[in-house]
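This report refers to the structure that appears directly beneath it.
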Amino acid sequence: MKKGAFGMALACAVVISGVADAEERQVTFSIKNHHLDNNDSFSRDGRFLCYDSREVLGPGIENSQSIEKVEIATGRETLLYAPEASVTGEQAAPGVGAVSYCPVGDRVVFIHGPDLKEVPARGYYAKPNRCGMEVEADGSGRGRWLDARDVARERPTVPGAHRGGTHRHEFTASGNRIGFTYDDWLLPDYGRTIGYMDPHPDAPAGAACYFAILVPVVPAGSSKPGEIEYAAGDSWVGADGRLRAFIGTVRAEDGVQYEDSLFVAEIPPDTDITTADSGDATRYPKPPRGVTVRRLTHGPAAGIVRGSLDGSRIAYFAPDTEGRQQVFIIASDGSDQDANPAKRPIQVTHFPEGAGSGLRWHPSGNTVFCIAGNGVAATCVRPGPEFGQTVFLTPQDTGTQRFALTISPDGTQLAFNKAVPTFDARGNRATAYNGHDFVQIFVLDFTDADSDGVADS
């Protein structure tokens, strides 16, 4: 960030973590893709970023050949995991990607499709044909399966197993459980939904965790007004894994139309995950006893929602009065129908062309970040006269898309992806299988910060 922008930030009192002289800088340069995928990509100490190498040899995660990390200070890349054998192309396996760091240990979690030896019986990579794997982040390749997949039709699904595929695995900030999206293989007549897994002694054989969905299943096209047919865009609210916010597609009150709204699944502290029903070939899975789902908005909501670290607020995208997508926040125990105005949604941003993607909270809860006009923006959400004031941390409309914004645990770094010209050792421009430039990682370092996430003056 230039000095003038820093002065503007101070004038607006935008409470971001040390905006002074922050400049985006390229961290990776090797001739491969380095996808961050909107996950928790920073290591707990902020020294490393994890990524996958999808779309070098073919489309999608199914053609990703590796899970890796890069040391931010040096650009040194380390291979964390690669399958022993793979096949690429339109039909590919196993496919590894969408990696996140654990916030309390030196390990990562990611999608793993079917091993090549399983393909004859299980099929190629597909959304309902994948599991979560966890490996050590030291380059040793040591790992374990987090969840078990069981698609037997002749008997009930093994308790604690799933019948399809998990995706976008996200640890809680305390590391006690993992949330995910889920697609069913045995009964695919309902849409994507969300769930969580707990480390558990009764986990299925070969898995470390017990699986459960969070939202009761409603088959597509059969819902009553207010019932959820599809759930996604989910993230934890708070550090302990009691609240998971998401976007739910529900039948409108007219019984015909559909609408996307913000919801929260509540997991009481005494929830016994083993009370979940894994279902069978004719019976849908069910959440554990005591889990409830609460609707927060009855108007449109979109994107990957994000909860503040203290669990008090949720940020999400929704249209403003002119139909432009903006950032809104709402109390996690609130509703757009609450009698208390403080519990209702409030618009945070007012971008002339609308907000784009990459919604993130600063860990202090004072600032939200997003990408708008192809620039990284920081907006004050601390109550007071500066609420809603925004400053851009990068140039806008540069022609090269920024995406997959992520923030370090201490709030001193932002990272994102850009596809830029990349050159081999001979100086020749190298591209992916489709002729596109390789996706590289860029970082913004904030060096002048106090412990509250407020820019120092």
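Following the order of the structure tokens, first chain is A, next is B, and so on, with residues numbered from 1 inside each chain and ligands from 1 in the order they appear.
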Mind checking which residues fall within 8 Å of Asp310 (chain A), counting only C-alpha atoms, ignoring those fewer than 3 positions away in the same chain, and posting them as a CSV table (one decimal) with C-alpha atoms, in the first residue's frame?
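Saved as result.csv:
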chain,number,residue,atom,x,y,z
A,237,VAL,CA,-18.7,-19.4,13.7
A,238,GLY,CA,-16.5,-19.0,16.8
A,239,ALA,CA,-13.6,-21.2,17.8
A,313,ARG,CA,-21.2,-12.2,14.1
A,365,GLY,CA,-13.2,-8.8,14.6
| request: Based on DSSP run over this structure's backbone, return all residues of region 249-397 of chain A in strand (DSSP E or B), as a PyMOL selection string. | output: chain A and resi 249-251+258-266+277+286+292-295+302-307+313-319+325-331+346-347+357-361+367-372+375-380+390-392
| Residues within 12 Å of region 200-202 of chain A, only C-alpha atoms, excluding chain neighbours under 2 positions, as a list in words |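 Here the answer would be Leu146, Asp147, Ala148, Val158, Pro159, Gly160, Ala161, Asn176, Arg177, Met197, Asp198, Pro204, Ala205, Gly206, Ala207, Ala208, Cys209, Tyr210, Phe211, Asp272, Ile273, Thr274 and Thr275 of chain A.
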Write out, as an mmCIF file, in the first residue's frame, the residues just selected, with N, CA and C atoms.
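See result_21.cif below for the written result:
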data_model
loop_
_atom_site.group_PDB
_atom_site.id
_atom_site.type_symbol
_atom_site.label_atom_id
_atom_site.label_comp_id
_atom_site.auth_asym_id
_atom_site.auth_seq_id
_atom_site.Cartn_x
_atom_site.Cartn_y
_atom_site.Cartn_z
ATOM 1 N N LEU A 146 -9.364 -39.490 7.451
ATOM 2 C CA LEU A 146 -10.214 -38.893 8.472
ATOM 3 C C LEU A 146 -11.596 -39.535 8.509
ATOM 4 N N ASP A 147 -12.180 -39.785 7.339
ATOM 5 C CA ASP A 147 -13.524 -40.333 7.258
ATOM 6 C C ASP A 147 -13.526 -41.612 6.437
ATOM 7 N N ALA A 148 -14.557 -42.424 6.653
ATOM 8 C CA ALA A 148 -14.704 -43.684 5.929
ATOM 9 C C ALA A 148 -15.888 -43.592 4.977
ATOM 10 N N VAL A 158 -22.274 -48.356 7.462
ATOM 11 C CA VAL A 158 -21.525 -48.491 8.705
ATOM 12 C C VAL A 158 -21.711 -47.223 9.542
ATOM 13 N N PRO A 159 -22.076 -47.344 10.813
ATOM 14 C CA PRO A 159 -22.232 -46.153 11.659
ATOM 15 C C PRO A 159 -20.965 -45.288 11.668
ATOM 16 N N GLY A 160 -21.159 -43.994 11.440
ATOM 17 C CA GLY A 160 -20.028 -43.073 11.418
ATOM 18 C C GLY A 160 -19.359 -42.932 10.081
ATOM 19 N N ALA A 161 -19.804 -43.713 9.090
ATOM 20 C CA ALA A 161 -19.272 -43.599 7.731
ATOM 21 C C ALA A 161 -20.248 -42.786 6.874
ATOM 22 N N ASN A 176 -10.791 -28.906 17.330
ATOM 23 C CA ASN A 176 -11.477 -30.038 17.936
ATOM 24 C C ASN A 176 -12.367 -30.817 16.992
ATOM 25 N N ARG A 177 -12.745 -30.227 15.848
ATOM 26 C CA ARG A 177 -13.574 -30.952 14.882
ATOM 27 C C ARG A 177 -13.396 -30.338 13.505
ATOM 28 N N MET A 197 -17.281 -33.751 11.438
ATOM 29 C CA MET A 197 -16.732 -34.996 11.949
ATOM 30 C C MET A 197 -15.927 -34.713 13.214
ATOM 31 N N ASP A 198 -16.001 -35.663 14.124
ATOM 32 C CA ASP A 198 -15.272 -35.590 15.386
ATOM 33 C C ASP A 198 -14.285 -36.746 15.472
ATOM 34 N N PRO A 204 -15.385 -45.475 12.267
ATOM 35 C CA PRO A 204 -15.299 -46.694 11.467
ATOM 36 C C PRO A 204 -13.853 -47.151 11.274
ATOM 37 N N ALA A 205 -13.684 -48.431 11.042
ATOM 38 C CA ALA A 205 -12.353 -48.986 10.846
ATOM 39 C C ALA A 205 -11.626 -48.253 9.723
ATOM 40 N N GLY A 206 -10.390 -47.892 9.985
ATOM 41 C CA GLY A 206 -9.577 -47.205 8.992
ATOM 42 C C GLY A 206 -9.732 -45.707 8.962
ATOM 43 N N ALA A 207 -10.616 -45.166 9.792
ATOM 44 C CA ALA A 207 -10.844 -43.721 9.825
ATOM 45 C C ALA A 207 -10.586 -43.194 11.230
ATOM 46 N N ALA A 208 -10.199 -41.920 11.312
ATOM 47 C CA ALA A 208 -9.940 -41.294 12.610
ATOM 48 C C ALA A 208 -11.163 -40.617 13.190
ATOM 49 N N CYS A 209 -12.152 -40.307 12.340
ATOM 50 C CA CYS A 209 -13.281 -39.491 12.773
ATOM 51 C C CYS A 209 -14.621 -40.147 12.489
ATOM 52 N N TYR A 210 -15.612 -39.722 13.242
ATOM 53 C CA TYR A 210 -17.003 -40.139 13.086
ATOM 54 C C TYR A 210 -17.721 -39.063 12.289
ATOM 55 N N PHE A 211 -18.491 -39.458 11.291
ATOM 56 C CA PHE A 211 -19.134 -38.560 10.339
ATOM 57 C C PHE A 211 -20.601 -38.336 10.711
ATOM 58 N N ASP A 272 -23.926 -35.981 21.215
ATOM 59 C CA ASP A 272 -23.280 -37.268 20.995
ATOM 60 C C ASP A 272 -23.358 -37.570 19.507
ATOM 61 N N ILE A 273 -22.237 -37.431 18.803
ATOM 62 C CA ILE A 273 -22.245 -37.599 17.354
ATOM 63 C C ILE A 273 -22.666 -39.008 16.948
ATOM 64 N N THR A 274 -22.499 -39.978 17.840
ATOM 65 C CA THR A 274 -22.867 -41.356 17.493
ATOM 66 C C THR A 274 -24.374 -41.564 17.461
ATOM 67 N N THR A 275 -25.168 -40.561 17.854
ATOM 68 C CA THR A 275 -26.618 -40.665 17.704
ATOM 69 C C THR A 275 -27.068 -40.309 16.292
#
| query | Which is closest to Gly89 (chain A) among A:Arg54, A:Lys418, A:Lys69, A:His350, if we use only C-alpha atoms? | reply | A:Arg54
Rows by chain and residue number, region 21-92 of chain A within 12 Å of region 123-140 of chain A, shortest pair, only C-alpha atoms, as a tab-separated table:
residue	atom	partner	partner_atom	distance
A:Phe42	CA	A:Ala137	CA	11.6
A:Ser43	CA	A:Ala137	CA	9.1
A:Arg44	CA	A:Ala137	CA	11.4
A:Phe48	CA	A:Ala137	CA	9.8
A:Leu49	CA	A:Ala137	CA	10.5
A:Cys50	CA	A:Ala137	CA	8.9
A:Tyr51	CA	A:Ala137	CA	11.7
A:Pro59	CA	A:Tyr125	CA	11.9
A:Gly60	CA	A:Tyr125	CA	10.1
A:Ile61	CA	A:Tyr125	CA	8.7
A:Glu62	CA	A:Tyr125	CA	5.8
A:Asn63	CA	A:Tyr125	CA	9.1
A:Ser64	CA	A:Tyr125	CA	10.9
A:Ser66	CA	A:Gly139	CA	11.8
A:Ile67	CA	A:Val135	CA	9.6
A:Glu68	CA	A:Gly139	CA	8.5
A:Lys69	CA	A:Ala137	CA	7.9
A:Val70	CA	A:Ala137	CA	10.8
A:Glu71	CA	A:Ala137	CA	11.7
A:Glu77	CA	A:Gly139	CA	10.2
A:Thr78	CA	A:Gly139	CA	6.5
A:Leu79	CA	A:Gly139	CA	5.9
A:Leu80	CA	A:Gly139	CA	4.6
A:Tyr81	CA	A:Val135	CA	7.4
A:Ala82	CA	A:Gly139	CA	10.5
A:Pro83	CA	A:Met133	CA	11.7
A:Ser86	CA	A:Tyr124	CA	10.5
A:Val87	CA	A:Tyr124	CA	9.3
A:Thr88	CA	A:Tyr124	CA	10.2
A:Gly89	CA	A:Tyr124	CA	10.8
A:Glu90	CA	A:Tyr124	CA	9.7
A:Gln91	CA	A:Tyr124	CA	6.1
A:Ala92	CA	A:Tyr124	CA	5.8
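Atom pair CA of Ile407 (chain A) / CA of Gly307 (chain A) has a distance of 13.5 Å (rounded to one decimal).
Going from CA of Val327 (chain A) over to CA of Ile267 (chain A), you cover 26.1 Å.
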| query | Which polymer residues have any atom within 8 Å of an atom of region 366-379 of chain A, counting only C-alpha atoms, with same-chain residues fewer than 3 positions away left out, as a PyMOL selection string? | reply | chain A and resi 14-16+348-349+351+353-363+382+387-403+405+453-454
| field | Nearest-residue call for Phe29 (chain A), choices A:Thr271, A:Gln65, A:Thr422, A:Ser235, using only C-alpha atoms | value | A:Thr422
| message | Would you pick out the contacts of Ala404 (chain A) at 8 Å or less, using only C-alpha atoms, so that residues sharing its chain but fewer than 5 positions from it are not included, and give the list as a ChimeraX atom specification? | response | /A:35-39,357-358,415-417
Could I get the residues of region 158-194 of chain A with an atom no further than 10 Å from an atom of region 283-299 of chain A, each paired with its nearest atom pair and that distance in Å to one decimal, using only C-alpha atoms, sorted by chain and residue number, as a tab-separated table?
residue	atom	partner	partner_atom	distance
A:His162	CA	A:Pro285	CA	8.5
A:Arg163	CA	A:Pro285	CA	9.1
A:Asp184	CA	A:Tyr284	CA	9.3
A:Leu186	CA	A:Tyr284	CA	9.0
A:Leu187	CA	A:Tyr284	CA	7.2
A:Pro188	CA	A:Tyr284	CA	9.9
A:Tyr190	CA	A:Tyr284	CA	9.3
| field | 7 Å contact set for region 431-437 of chain A, only C-alpha atoms, chain neighbours under 2 positions out, as JSON, numbers by chain | value | {"A": [55, 56, 57, 58, 419, 420, 421, 422, 429, 439]}
| Selected residue of minimal separation from Arg155 (chain A) among A:Ala231, A:Ser100, A:Pro345, A:Thr282, counting only C-alpha atoms |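 Closest candidate: A:Thr282.
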| task | Point out the residue among A:Phe180, A:Ile346, A:Asn340, A:Ile441 with the least atom-to-atom distance to Ala315 (chain A), counting only C-alpha atoms. | result |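 Using only C-alpha atoms, the shortest distance to Ala315 (chain A) belongs to A:Ile346.
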| query | Which of these, A:Val218, A:Ile31, A:Ile247, A:Ala203, has the shortest distance to Asn428 (chain A) once you count only C-alpha atoms? | reply |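 Closest to Asn428 (chain A) of all the choices is A:Ile31.
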| field | Selection: 10 Å around Ser30 (chain A), only C-alpha atoms, excl. self and same-chain fewer than 5 positions, as a VMD selection string | value | chain A and resid 75 to 77 422 to 425 430 438 to 440
May I have the selected residues written with C-alpha atoms, as a compact mmCIF listing (two decimals), in the first residue's frame?
# COMPACT_ATOMS: atom_id res chain seq x y z
CA GLY A 75 9.69 -19.23 -1.71
CA ARG A 76 10.99 -22.75 -1.03
CA GLU A 77 8.37 -25.36 -1.98
CA THR A 422 5.60 -17.90 -15.69
CA PHE A 423 8.92 -18.81 -17.30
CA ASP A 424 11.06 -21.92 -17.31
CA ALA A 425 14.83 -22.09 -16.71
CA ALA A 430 5.26 -21.95 -19.71
CA PHE A 438 0.03 -20.70 -14.17
CA VAL A 439 -1.68 -19.68 -10.93
CA GLN A 440 0.79 -18.22 -8.46
